[in-house]
file query_31.txt (compact mmCIF, C-alpha atoms)
# COMPACT_ATOMS: atom_id res chain seq x y z
CA VAL A 145 52.27 119.78 -39.07
CA SER A 146 54.44 118.61 -36.17
CA ILE A 147 53.77 118.42 -32.45
CA ALA A 148 56.00 118.95 -29.43
CA LEU A 149 55.49 117.72 -25.87
CA VAL A 150 57.40 119.90 -23.44
CA HIS A 151 58.68 118.66 -20.04
CA HIS A 152 60.45 121.94 -19.22
CA PRO A 153 59.71 124.79 -18.70
CA VAL A 154 56.27 123.79 -17.47
CA LEU A 155 54.28 124.69 -14.38
CA ASP A 156 53.33 122.71 -11.32
CA ARG A 157 49.96 123.21 -9.65
CA ASP A 158 51.28 126.17 -7.70
CA GLY A 159 52.52 127.94 -10.84
CA GLN A 160 56.19 127.18 -10.21
CA VAL A 161 58.42 126.24 -13.14
CA ILE A 162 59.44 122.59 -13.01
CA VAL A 163 60.81 119.67 -15.02
CA THR A 164 58.34 116.79 -15.31
CA ALA A 165 59.21 113.12 -15.68
CA VAL A 166 58.44 111.30 -18.90
CA THR A 167 55.22 109.28 -19.00
CA ASN A 168 55.62 106.25 -21.24
CA LEU A 169 52.01 106.29 -22.42
CA ASP A 170 52.33 109.94 -23.50
CA VAL A 171 54.92 108.91 -26.06
CA HIS A 172 52.79 106.05 -27.37
CA ASP A 173 49.51 107.95 -27.43
CA LEU A 174 50.96 111.05 -29.10
CA ALA A 175 52.78 108.96 -31.69
CA ARG A 176 49.61 106.98 -32.47
CA SER A 177 47.47 110.14 -32.70
CA ALA A 178 50.17 111.75 -34.89
CA ARG A 179 50.23 108.76 -37.24
CA THR A 180 46.43 108.79 -37.47
CA TYR A 181 46.39 112.40 -38.66
CA ALA A 182 49.59 112.19 -40.77
CA VAL A 183 51.56 114.43 -38.39
CA LYS A 184 55.22 113.95 -39.31
CA ASN A 185 57.16 114.66 -36.14
CA VAL A 186 56.47 114.15 -32.45
CA PHE A 187 59.16 116.12 -30.62
CA ILE A 188 59.63 115.00 -27.04
CA VAL A 189 61.38 117.90 -25.32
CA HIS A 190 63.31 117.00 -22.17
CA PRO A 191 66.36 118.75 -20.66
CA VAL A 192 67.58 115.72 -18.69
CA GLU A 193 69.87 113.39 -20.63
CA ALA A 194 68.92 110.25 -18.67
CA GLN A 195 65.25 110.86 -19.51
CA ARG A 196 66.07 111.39 -23.18
CA GLU A 197 68.00 108.13 -23.19
CA LEU A 198 65.03 106.36 -21.61
CA ILE A 199 62.66 107.66 -24.29
CA GLY A 200 65.17 106.65 -26.97
CA LYS A 201 65.30 103.16 -25.57
CA VAL A 202 61.51 102.87 -25.47
CA THR A 203 61.18 104.27 -28.98
CA ARG A 204 63.79 101.91 -30.44
CA HIS A 205 62.07 98.97 -28.74
CA TRP A 206 59.02 99.79 -30.86
CA THR A 207 60.72 100.76 -34.11
CA GLU A 208 63.65 98.33 -34.32
CA GLY A 209 63.19 95.94 -31.40
CA ALA A 210 60.88 93.28 -30.06
CA GLY A 211 57.91 95.62 -29.61
CA GLY A 212 57.70 96.41 -33.30
CA LYS A 213 57.99 92.74 -34.20
CA ARG A 214 55.09 91.93 -31.91
CA ILE A 215 52.93 94.91 -32.96
CA PRO A 216 54.11 96.02 -36.41
CA ASP A 217 51.45 98.74 -36.66
CA ARG A 218 53.19 100.59 -33.84
CA ILE A 219 56.33 101.13 -35.95
CA ALA A 220 54.70 103.74 -38.22
CA ALA A 221 53.64 105.65 -35.10
CA MET A 222 56.81 105.43 -32.99
CA GLU A 223 59.17 106.25 -35.87
CA ARG A 224 57.80 109.82 -35.74
CA VAL A 225 59.26 110.41 -32.28
CA ARG A 226 62.23 112.83 -32.13
CA ILE A 227 63.94 113.46 -28.81
CA VAL A 228 65.39 116.91 -28.18
CA PRO A 229 66.79 118.73 -25.12
CA ALA A 230 65.05 122.06 -25.71
CA LEU A 231 62.30 123.65 -27.78
CA ASP A 232 64.92 125.99 -29.30
CA GLU A 233 66.26 123.09 -31.26
CA VAL A 234 62.86 122.35 -32.75
CA LEU A 235 62.22 125.98 -33.62
CA GLY A 236 65.65 126.24 -35.24
CA ALA A 237 65.02 123.15 -37.35
CA LEU A 238 61.61 124.37 -38.52
CA GLY A 239 62.91 127.82 -39.50
CA ALA A 240 61.84 131.38 -38.79
CA GLN A 241 58.78 131.26 -41.04
CA ALA A 242 57.17 128.38 -39.08
CA GLU A 243 53.85 128.82 -37.32
CA VAL A 244 54.32 127.97 -33.64
CA TRP A 245 51.02 127.46 -31.86
CA THR A 246 51.11 126.92 -28.13
CA THR A 247 48.23 125.30 -26.27
CA ALA A 248 46.77 125.88 -22.82
CA ALA A 249 43.79 124.69 -20.85
CA SER A 250 42.62 128.24 -20.21
CA ALA A 251 42.46 131.32 -22.41
CA SER A 252 44.77 134.27 -21.84
CA GLY A 253 44.79 137.19 -24.23
CA GLU A 254 44.04 136.67 -27.88
CA THR A 255 43.72 133.07 -29.07
CA LEU A 256 43.53 131.41 -32.48
CA SER A 257 40.21 129.60 -32.99
CA PHE A 258 40.26 125.98 -34.13
CA GLN A 259 38.28 127.00 -37.21
CA ALA A 260 40.88 129.58 -38.25
CA ALA A 261 43.72 127.21 -37.37
CA ARG A 262 42.16 124.43 -39.47
CA ALA A 263 41.95 126.77 -42.47
CA ILE A 264 45.65 127.66 -42.11
CA ALA A 265 46.62 124.00 -41.72
CA ALA A 266 44.74 123.17 -44.93
CA THR A 267 46.87 125.59 -46.99
CA ASP A 268 50.24 124.70 -48.44
CA GLY A 269 51.94 127.23 -46.15
CA PRO A 270 54.90 127.17 -43.74
CA PRO A 271 55.38 124.29 -41.27
CA ILE A 272 53.16 124.33 -38.19
CA LEU A 273 54.30 123.24 -34.74
CA LEU A 274 51.72 122.53 -32.05
CA VAL A 275 53.26 122.83 -28.58
CA TYR A 276 51.78 121.03 -25.57
CA GLY A 277 52.88 121.18 -21.95
CA THR A 278 53.01 118.40 -19.38
CA GLY A 279 52.33 119.06 -15.68
CA TRP A 280 50.05 122.10 -15.25
CA GLY A 281 50.91 123.46 -18.67
CA LEU A 282 53.49 125.51 -20.54
CA ALA A 283 55.36 128.27 -18.72
CA GLU A 284 54.80 131.81 -20.01
CA PRO A 285 58.19 132.12 -21.79
CA VAL A 286 57.10 129.32 -24.13
CA HIS A 287 53.86 131.12 -24.98
CA ALA A 288 55.87 134.31 -25.55
CA ARG A 289 57.78 132.61 -28.37
CA ALA A 290 54.64 131.45 -30.18
CA THR A 291 53.16 133.02 -33.30
CA ALA A 292 49.73 132.23 -31.84
CA ARG A 293 48.09 130.62 -28.87
CA LEU A 294 45.48 128.05 -29.81
CA ALA A 295 42.04 128.41 -28.21
CA PRO A 296 41.53 126.12 -25.22
CA ILE A 297 39.36 123.04 -25.77
CA ALA A 298 35.99 124.06 -24.40
CA GLY A 299 34.04 121.36 -22.62
CA ARG A 300 30.50 121.75 -21.42
CA ASP A 301 30.88 124.08 -18.47
CA GLY A 302 34.41 125.33 -18.11
CA TRP A 303 36.07 122.38 -16.36
CA ASN A 304 39.40 122.19 -18.16
CA HIS A 305 41.54 119.35 -16.90
CA LEU A 306 41.85 117.03 -19.85
CA SER A 307 44.92 114.80 -19.94
CA VAL A 308 47.56 115.96 -22.42
CA ARG A 309 46.95 112.68 -24.28
CA ALA A 310 43.29 113.60 -24.72
CA ALA A 311 44.05 117.25 -25.55
CA VAL A 312 46.49 116.25 -28.32
CA ALA A 313 43.99 113.76 -29.77
CA ILE A 314 41.11 116.24 -29.77
CA SER A 315 43.11 119.13 -31.20
CA LEU A 316 44.58 117.01 -34.02
CA ASP A 317 41.09 115.78 -34.87
CA ARG A 318 39.74 119.34 -34.88
CA LEU A 319 42.60 120.63 -37.03
CA LEU A 320 43.19 117.70 -39.36
CA GLY A 321 40.28 115.26 -38.99
CA ALA A 322 38.12 114.19 -41.91
CA VAL B 109 25.34 110.08 -22.14
CA SER B 110 27.46 107.47 -20.37
CA ILE B 111 30.52 105.55 -21.49
CA ALA B 112 31.70 102.02 -20.79
CA LEU B 113 35.21 100.61 -21.07
CA VAL B 114 35.08 96.84 -21.56
CA HIS B 115 37.91 94.49 -20.50
CA HIS B 116 35.99 91.34 -21.48
CA PRO B 117 34.92 90.08 -23.97
CA VAL B 118 37.53 91.82 -26.12
CA LEU B 119 39.92 90.56 -28.78
CA ASP B 120 43.66 90.09 -28.80
CA ARG B 121 45.69 90.80 -31.94
CA ASP B 122 44.91 87.32 -33.27
CA GLY B 123 41.17 87.79 -32.88
CA GLN B 124 40.89 85.53 -29.82
CA VAL B 125 38.56 86.56 -26.98
CA ILE B 126 40.51 87.62 -23.90
CA VAL B 127 40.31 89.49 -20.60
CA THR B 128 42.62 92.53 -20.48
CA ALA B 129 44.25 93.99 -17.39
CA VAL B 130 43.20 97.39 -16.14
CA THR B 131 45.38 100.33 -17.19
CA ASN B 132 45.42 102.98 -14.49
CA LEU B 133 45.69 105.88 -16.95
CA ASP B 134 42.62 104.66 -18.85
CA VAL B 135 40.52 105.25 -15.76
CA HIS B 136 41.95 108.75 -15.21
CA ASP B 137 41.83 109.83 -18.85
CA LEU B 138 38.30 108.56 -19.46
CA ALA B 139 37.05 110.16 -16.24
CA ARG B 140 38.67 113.49 -17.15
CA SER B 141 37.31 113.41 -20.70
CA ALA B 142 33.89 112.45 -19.33
CA ARG B 143 33.91 115.36 -16.87
CA THR B 144 34.94 117.76 -19.65
CA TYR B 145 31.93 116.85 -21.77
CA ALA B 146 29.48 116.39 -18.85
CA VAL B 147 29.24 112.63 -19.33
CA LYS B 148 27.68 111.26 -16.13
CA ASN B 149 28.96 107.71 -15.82
CA VAL B 150 32.20 105.98 -16.72
CA PHE B 151 31.49 102.26 -16.39
CA ILE B 152 34.64 100.19 -16.03
CA VAL B 153 33.60 96.66 -16.96
CA HIS B 154 35.84 93.91 -15.61
CA PRO B 155 34.92 90.29 -14.79
CA VAL B 156 37.79 89.73 -12.32
CA GLU B 157 37.00 90.72 -8.74
CA ALA B 158 40.62 91.51 -7.82
CA GLN B 159 40.84 93.94 -10.74
CA ARG B 160 37.55 95.58 -9.75
CA GLU B 161 38.86 95.98 -6.20
CA LEU B 162 42.03 97.58 -7.56
CA ILE B 163 40.06 100.10 -9.61
CA GLY B 164 37.88 100.82 -6.59
CA LYS B 165 40.94 101.50 -4.48
CA VAL B 166 42.42 103.83 -7.11
CA THR B 167 39.12 105.64 -7.55
CA ARG B 168 38.60 106.14 -3.83
CA HIS B 169 42.16 107.48 -3.51
CA TRP B 170 41.10 110.28 -5.87
CA THR B 171 37.58 110.90 -4.60
CA GLU B 172 37.90 110.46 -0.82
CA GLY B 173 41.62 110.00 -0.20
CA ALA B 174 44.95 111.75 -0.45
CA GLY B 175 44.86 112.12 -4.25
CA GLY B 176 41.73 114.25 -4.17
CA LYS B 177 43.15 116.41 -1.38
CA ARG B 178 46.26 117.03 -3.46
CA ILE B 179 44.43 117.59 -6.78
CA PRO B 180 40.84 118.58 -5.92
CA ASP B 181 39.90 119.02 -9.60
CA ARG B 182 40.31 115.29 -10.10
CA ILE B 183 37.42 114.54 -7.70
CA ALA B 184 34.74 115.72 -10.14
CA ALA B 185 36.23 113.42 -12.78
CA MET B 186 36.89 110.28 -10.73
CA GLU B 187 33.53 110.36 -8.93
CA ARG B 188 31.94 109.39 -12.27
CA VAL B 189 33.65 105.99 -12.29
CA ARG B 190 31.35 102.96 -11.71
CA ILE B 191 32.86 99.51 -11.50
CA VAL B 192 30.79 96.59 -12.80
CA PRO B 193 31.52 92.91 -13.56
CA ALA B 194 29.66 92.74 -16.89
CA LEU B 195 28.07 94.97 -19.51
CA ASP B 196 24.71 93.27 -18.80
CA GLU B 197 24.57 95.11 -15.53
CA VAL B 198 25.02 98.47 -17.26
CA LEU B 199 22.42 97.68 -19.91
CA GLY B 200 19.98 96.55 -17.24
CA ALA B 201 20.47 99.76 -15.26
CA LEU B 202 19.97 101.98 -18.32
CA GLY B 203 16.77 100.20 -19.39
CA ALA B 204 15.53 98.68 -22.65
CA GLN B 205 14.95 102.03 -24.37
CA ALA B 206 18.61 103.08 -24.09
CA GLU B 207 20.71 103.70 -27.19
CA VAL B 208 23.78 101.45 -27.01
CA TRP B 209 26.46 102.51 -29.47
CA THR B 210 29.50 100.30 -29.81
CA THR B 211 32.76 101.58 -31.25
CA ALA B 212 35.43 99.95 -33.39
CA ALA B 213 38.57 101.01 -35.22
CA SER B 214 37.27 99.59 -38.50
CA ALA B 215 33.87 99.66 -40.15
CA SER B 216 31.79 96.50 -40.48
CA GLY B 217 28.28 96.63 -41.88
CA GLU B 218 26.15 99.70 -41.33
CA THR B 219 27.54 102.38 -39.02
CA LEU B 220 26.09 105.47 -37.39
CA SER B 221 27.84 108.66 -38.56
CA PHE B 222 29.14 111.08 -35.96
CA GLN B 223 26.91 113.77 -37.45
CA ALA B 224 23.77 111.66 -37.02
CA ALA B 225 24.91 110.53 -33.55
CA ARG B 226 25.53 114.13 -32.49
CA ALA B 227 22.00 115.08 -33.55
CA ILE B 228 20.54 112.23 -31.49
CA ALA B 229 22.70 113.14 -28.48
CA ALA B 230 21.44 116.74 -28.69
CA THR B 231 17.80 115.66 -28.27
CA ASP B 232 16.17 115.00 -24.93
CA GLY B 233 15.81 111.31 -25.78
CA PRO B 234 16.63 108.03 -24.04
CA PRO B 235 20.01 107.50 -22.32
CA ILE B 236 22.97 106.82 -24.61
CA LEU B 237 25.80 104.42 -23.74
CA LEU B 238 29.03 104.55 -25.74
CA VAL B 239 30.90 101.25 -25.47
CA TYR B 240 34.68 101.05 -26.00
CA GLY B 241 36.89 97.98 -26.01
CA THR B 242 40.40 97.56 -24.64
CA GLY B 243 42.93 95.24 -26.33
CA TRP B 244 42.19 94.87 -30.06
CA GLY B 245 38.58 95.94 -29.62
CA LEU B 246 35.15 94.63 -28.64
CA ALA B 247 34.24 91.03 -29.43
CA GLU B 248 31.37 90.52 -31.87
CA PRO B 249 28.78 89.50 -29.21
CA VAL B 250 29.07 93.00 -27.75
CA HIS B 251 28.43 94.61 -31.13
CA ALA B 252 25.47 92.27 -31.59
CA ARG B 253 23.77 93.76 -28.52
CA ALA B 254 24.14 97.35 -29.71
CA THR B 255 21.41 99.52 -31.18
CA ALA B 256 24.06 100.99 -33.52
CA ARG B 257 27.74 100.81 -34.29
CA LEU B 258 29.41 104.20 -34.35
CA ALA B 259 31.49 105.05 -37.43
CA PRO B 260 35.23 104.51 -36.93
CA ILE B 261 37.35 107.61 -36.41
CA ALA B 262 38.85 108.24 -39.81
CA GLY B 263 42.37 109.54 -39.86
CA ARG B 264 44.16 110.69 -42.99
CA ASP B 265 44.83 107.43 -44.79
CA GLY B 266 43.21 104.50 -43.07
CA TRP B 267 45.74 103.80 -40.29
CA ASN B 268 43.44 103.08 -37.36
CA HIS B 269 45.37 102.33 -34.21
CA LEU B 270 44.48 105.17 -31.86
CA SER B 271 44.75 104.45 -28.16
CA VAL B 272 41.39 103.94 -26.47
CA ARG B 273 42.17 107.07 -24.42
CA ALA B 274 42.47 109.11 -27.63
CA ALA B 275 39.45 107.44 -29.24
CA VAL B 276 37.23 108.26 -26.26
CA ALA B 277 38.44 111.87 -26.20
CA ILE B 278 37.89 112.40 -29.92
CA SER B 279 34.48 110.76 -30.02
CA LEU B 280 33.19 112.71 -27.00
CA ASP B 281 34.43 115.93 -28.61
CA ARG B 282 32.72 115.06 -31.90
CA LEU B 283 29.44 114.11 -30.20
CA LEU B 284 29.29 116.66 -27.39
CA GLY B 285 31.93 119.31 -28.05
CA ALA B 286 31.13 123.00 -28.34

call {"tool": "encode", "arguments": {"input": "query_31.txt", "output": "structure tokens"}}
result
Amino acid sequence: VSIALVHHPVLDRDGQVIVTAVTNLDVHDLARSARTYAVKNVFIVHPVEAQRELIGKVTRHWTEGAGGKRIPDRIAAMERVRIVPALDEVLGALGAQAEVWTTAASASGETLSFQAARAIAATDGPPILLVYGTGWGLAEPVHARATARLAPIAGRDGWNHLSVRAAVAISLDRLLGA
Amino acid sequence: VSIALVHHPVLDRDGQVIVTAVTNLDVHDLARSARTYAVKNVFIVHPVEAQRELIGKVTRHWTEGAGGKRIPDRIAAMERVRIVPALDEVLGALGAQAEVWTTAASASGETLSFQAARAIAATDGPPILLVYGTGWGLAEPVHARATARLAPIAGRDGWNHLSVRAAVAISLDRLLGA
């Protein structure tokens, strides 16, 4: 299982397609959640070169630099981070047989339940990529390329504005937790 | 159910008791996770007045100010934030019959399983307070005041360095999720 955090194409609160800026804590939190659940790759997808360079700098600080020396446990998390300009590159690397599951805060059409997804993840099948959007979520063309859309995380009464950091943590625990 | 995020007394990576600085995204993420699972109160515990004032300013920006006007959904999350100087104040407000469950990344002594905790949370019993530490976790005197210590979140192979934002999200989902 791998995860991808997409910064474009994603939506703003008016439904327009935008590019979002990188949030430093997203990279840390996703890498730490990935390490916890033995997720191999954390793809940070960003079309802007300067932003990719920034993420690379931050990541190296924690894998090879002073950050990792100070907090060695962070190395095993941050070394999972891969920086790519577009989701295409990730899909190409994983191959045509990969399961690509997009995520969204609200349901639209048919969705894959966490129970069914957990059963698939437990088999020795093709690679699985979980795709998360920043901003107000993934734009429709990303969902269109998925093999399935994961069910939204249901809270108590339909309010669905978890942070992407929380959504990644909860979904990895539901899919891969003990 | 309420949650508390403690900034003192917590440990640094050498096991010394310290005061940590407030992280803005902690407040947002915990409030959003709390709203998702219908958790009523997010107590931010900080002994330093200037830090409490800062959190108050941030919170008001999102409940009464420009932030809430721009992103109205955030109001229902951020209005749950309560700022207190010490955990004593929270325990006093909840009363002597409250269940106080501390959390830690590693087990020590007897712990309450998530399954058992979920069953207790589902009953119409006394109030429950989940207590989370910043830094390298809660200092022992906080655990000593608890009615139980919640089981650590087990990943795949014992690596236990989730962010507190992820740990809160996962534990609320395990205890209160659909």

call {"tool": "residues_around", "arguments": {"input": "query_31.txt", "residues": "stretch 153-162 of chain B", "least_positions_apart": "2", "cutoff": "8 Å", "atoms": "only C-alpha atoms", "output": "compact mmCIF listing (two decimals) with C-alpha atoms, in the frame of the given file"}}
result
# COMPACT_ATOMS: atom_id res chain seq x y z
CA ALA B 112 31.70 102.02 -20.79
CA LEU B 113 35.21 100.61 -21.07
CA VAL B 114 35.08 96.84 -21.56
CA HIS B 115 37.91 94.49 -20.50
CA HIS B 116 35.99 91.34 -21.48
CA VAL B 127 40.31 89.49 -20.60
CA ALA B 129 44.25 93.99 -17.39
CA VAL B 130 43.20 97.39 -16.14
CA PHE B 151 31.49 102.26 -16.39
CA GLY B 164 37.88 100.82 -6.59
CA LYS B 165 40.94 101.50 -4.48
CA VAL B 166 42.42 103.83 -7.11
CA ILE B 191 32.86 99.51 -11.50
CA VAL B 192 30.79 96.59 -12.80
CA PRO B 193 31.52 92.91 -13.56
CA ALA B 194 29.66 92.74 -16.89
CA LEU B 195 28.07 94.97 -19.51

call {"tool": "interface_residues", "arguments": {"input": "query_31.txt", "of": "chain B", "to": "chain A", "cutoff": "6 Å", "atoms": "only C-alpha atoms", "output": "PyMOL selection string"}}
result
chain B and resi 137+140-141+144-145+263-264+267+270-271+274+277-278

call {"tool": "write_last_selection", "arguments": {"input": "query_31.txt", "atoms": "C-alpha atoms", "output": "short mmCIF file (atom, residue, chain, number, x, y, z; two decimals), in the coordinates of the input"}}
result
data_model
loop_
_atom_site.label_atom_id
_atom_site.label_comp_id
_atom_site.auth_asym_id
_atom_site.auth_seq_id
_atom_site.Cartn_x
_atom_site.Cartn_y
_atom_site.Cartn_z
CA ASP B 137 41.83 109.83 -18.85
CA ARG B 140 38.67 113.49 -17.15
CA SER B 141 37.31 113.41 -20.70
CA THR B 144 34.94 117.76 -19.65
CA TYR B 145 31.93 116.85 -21.77
CA GLY B 263 42.37 109.54 -39.86
CA ARG B 264 44.16 110.69 -42.99
CA TRP B 267 45.74 103.80 -40.29
CA LEU B 270 44.48 105.17 -31.86
CA SER B 271 44.75 104.45 -28.16
CA ALA B 274 42.47 109.11 -27.63
CA ALA B 277 38.44 111.87 -26.20
CA ILE B 278 37.89 112.40 -29.92
#

call {"tool": "residues_near_point", "arguments": {"input": "query_31.txt", "point": "(63.9, 106.8, -31.4)", "cutoff": "9 Å", "atoms": "all atoms listed in the file", "output": "PyMOL selection string"}}
result
chain A and resi 199-208+222-227

call {"tool": "residues_around", "arguments": {"input": "query_31.txt", "residues": "A:Leu238", "least_positions_apart": "3", "cutoff": "10 Å", "atoms": "only C-alpha atoms", "output": "PyMOL selection string"}}
result
chain A and resi 146+232-235+241-244+270-273

call {"tool": "residues_around", "arguments": {"input": "query_31.txt", "residues": "B:His251", "least_positions_apart": "6", "cutoff": "9 Å", "atoms": "all atoms listed in the file", "output": "list in words"}}
result
Trp209, Thr210, Thr211 and Arg257 of chain B

call {"tool": "build_atoms", "arguments": {"input": "query_31.txt", "residues": "stretch 161-170 of chain B", "atoms": "all heavy atoms", "output": "mmCIF file, in the coordinates of the input"}}
result
data_model
loop_
_atom_site.group_PDB
_atom_site.id
_atom_site.type_symbol
_atom_site.label_atom_id
_atom_site.label_comp_id
_atom_site.auth_asym_id
_atom_site.auth_seq_id
_atom_site.Cartn_x
_atom_site.Cartn_y
_atom_site.Cartn_z
ATOM 1 N N GLU B 161 38.453 95.420 -7.507
ATOM 2 C CA GLU B 161 38.860 95.980 -6.200
ATOM 3 C C GLU B 161 39.995 96.983 -6.377
ATOM 4 O O GLU B 161 40.029 98.028 -5.722
ATOM 5 C CB GLU B 161 39.297 94.850 -5.268
ATOM 6 C CG GLU B 161 38.107 94.179 -4.612
ATOM 7 C CD GLU B 161 38.489 92.894 -3.874
ATOM 8 O OE1 GLU B 161 39.700 92.637 -3.689
ATOM 9 O OE2 GLU B 161 37.564 92.153 -3.497
ATOM 10 N N LEU B 162 40.912 96.674 -7.281
ATOM 11 C CA LEU B 162 42.030 97.580 -7.560
ATOM 12 C C LEU B 162 41.525 98.919 -8.091
ATOM 13 O O LEU B 162 41.943 99.988 -7.631
ATOM 14 C CB LEU B 162 42.976 96.910 -8.565
ATOM 15 C CG LEU B 162 44.185 97.721 -9.021
ATOM 16 C CD1 LEU B 162 45.143 97.970 -7.874
ATOM 17 C CD2 LEU B 162 44.918 97.009 -10.169
ATOM 18 N N ILE B 163 40.609 98.863 -9.052
ATOM 19 C CA ILE B 163 40.060 100.100 -9.610
ATOM 20 C C ILE B 163 39.328 100.887 -8.523
ATOM 21 O O ILE B 163 39.421 102.114 -8.440
ATOM 22 C CB ILE B 163 39.084 99.818 -10.771
ATOM 23 C CG1 ILE B 163 39.716 98.891 -11.808
ATOM 24 C CG2 ILE B 163 38.644 101.128 -11.444
ATOM 25 C CD1 ILE B 163 38.676 98.231 -12.717
ATOM 26 N N GLY B 164 38.606 100.162 -7.676
ATOM 27 C CA GLY B 164 37.880 100.820 -6.590
ATOM 28 C C GLY B 164 38.829 101.545 -5.645
ATOM 29 O O GLY B 164 38.560 102.662 -5.201
ATOM 30 N N LYS B 165 39.936 100.911 -5.376
ATOM 31 C CA LYS B 165 40.940 101.500 -4.480
ATOM 32 C C LYS B 165 41.532 102.770 -5.110
ATOM 33 O O LYS B 165 41.666 103.803 -4.447
ATOM 34 C CB LYS B 165 42.054 100.450 -4.275
ATOM 35 C CG LYS B 165 42.828 100.603 -3.002
ATOM 36 C CD LYS B 165 43.722 99.380 -2.773
ATOM 37 C CE LYS B 165 44.873 99.747 -1.859
ATOM 38 N NZ LYS B 165 45.802 98.623 -1.663
ATOM 39 N N VAL B 166 41.872 102.670 -6.385
ATOM 40 C CA VAL B 166 42.420 103.830 -7.110
ATOM 41 C C VAL B 166 41.391 104.964 -7.124
ATOM 42 O O VAL B 166 41.712 106.124 -6.833
ATOM 43 C CB VAL B 166 42.797 103.432 -8.555
ATOM 44 C CG1 VAL B 166 43.063 104.668 -9.413
ATOM 45 C CG2 VAL B 166 44.006 102.504 -8.563
ATOM 46 N N THR B 167 40.160 104.616 -7.440
ATOM 47 C CA THR B 167 39.120 105.640 -7.550
ATOM 48 C C THR B 167 38.895 106.337 -6.210
ATOM 49 O O THR B 167 38.803 107.567 -6.140
ATOM 50 C CB THR B 167 37.807 104.984 -8.048
ATOM 51 O OG1 THR B 167 38.075 104.306 -9.275
ATOM 52 C CG2 THR B 167 36.745 106.036 -8.283
ATOM 53 N N ARG B 168 38.820 105.542 -5.152
ATOM 54 C CA ARG B 168 38.600 106.140 -3.830
ATOM 55 C C ARG B 168 39.768 107.025 -3.404
ATOM 56 O O ARG B 168 39.570 108.039 -2.725
ATOM 57 C CB ARG B 168 38.349 105.051 -2.772
ATOM 58 C CG ARG B 168 36.947 104.449 -2.856
ATOM 59 C CD ARG B 168 36.633 103.567 -1.651
ATOM 60 N NE ARG B 168 37.554 102.450 -1.512
ATOM 61 C CZ ARG B 168 37.450 101.292 -2.174
ATOM 62 N NH1 ARG B 168 36.457 101.101 -3.027
ATOM 63 N NH2 ARG B 168 38.333 100.336 -1.993
ATOM 64 N N HIS B 169 40.977 106.646 -3.814
ATOM 65 C CA HIS B 169 42.160 107.480 -3.510
ATOM 66 C C HIS B 169 41.952 108.899 -4.061
ATOM 67 O O HIS B 169 42.374 109.881 -3.452
ATOM 68 C CB HIS B 169 43.407 106.846 -4.120
ATOM 69 C CG HIS B 169 44.638 107.693 -4.054
ATOM 70 N ND1 HIS B 169 45.347 107.884 -2.884
ATOM 71 C CD2 HIS B 169 45.282 108.422 -5.006
ATOM 72 C CE1 HIS B 169 46.375 108.693 -3.123
ATOM 73 N NE2 HIS B 169 46.359 109.021 -4.400
ATOM 74 N N TRP B 170 41.271 108.974 -5.211
ATOM 75 C CA TRP B 170 41.100 110.280 -5.870
ATOM 76 C C TRP B 170 39.805 110.981 -5.505
ATOM 77 O O TRP B 170 39.667 112.185 -5.730
ATOM 78 C CB TRP B 170 41.200 110.105 -7.384
ATOM 79 C CG TRP B 170 42.600 109.765 -7.789
ATOM 80 C CD1 TRP B 170 43.111 108.529 -8.086
ATOM 81 C CD2 TRP B 170 43.710 110.673 -7.882
ATOM 82 N NE1 TRP B 170 44.453 108.620 -8.366
ATOM 83 C CE2 TRP B 170 44.845 109.922 -8.259
ATOM 84 C CE3 TRP B 170 43.844 112.053 -7.695
ATOM 85 C CZ2 TRP B 170 46.109 110.488 -8.444
ATOM 86 C CZ3 TRP B 170 45.089 112.624 -7.885
ATOM 87 C CH2 TRP B 170 46.206 111.856 -8.251
#
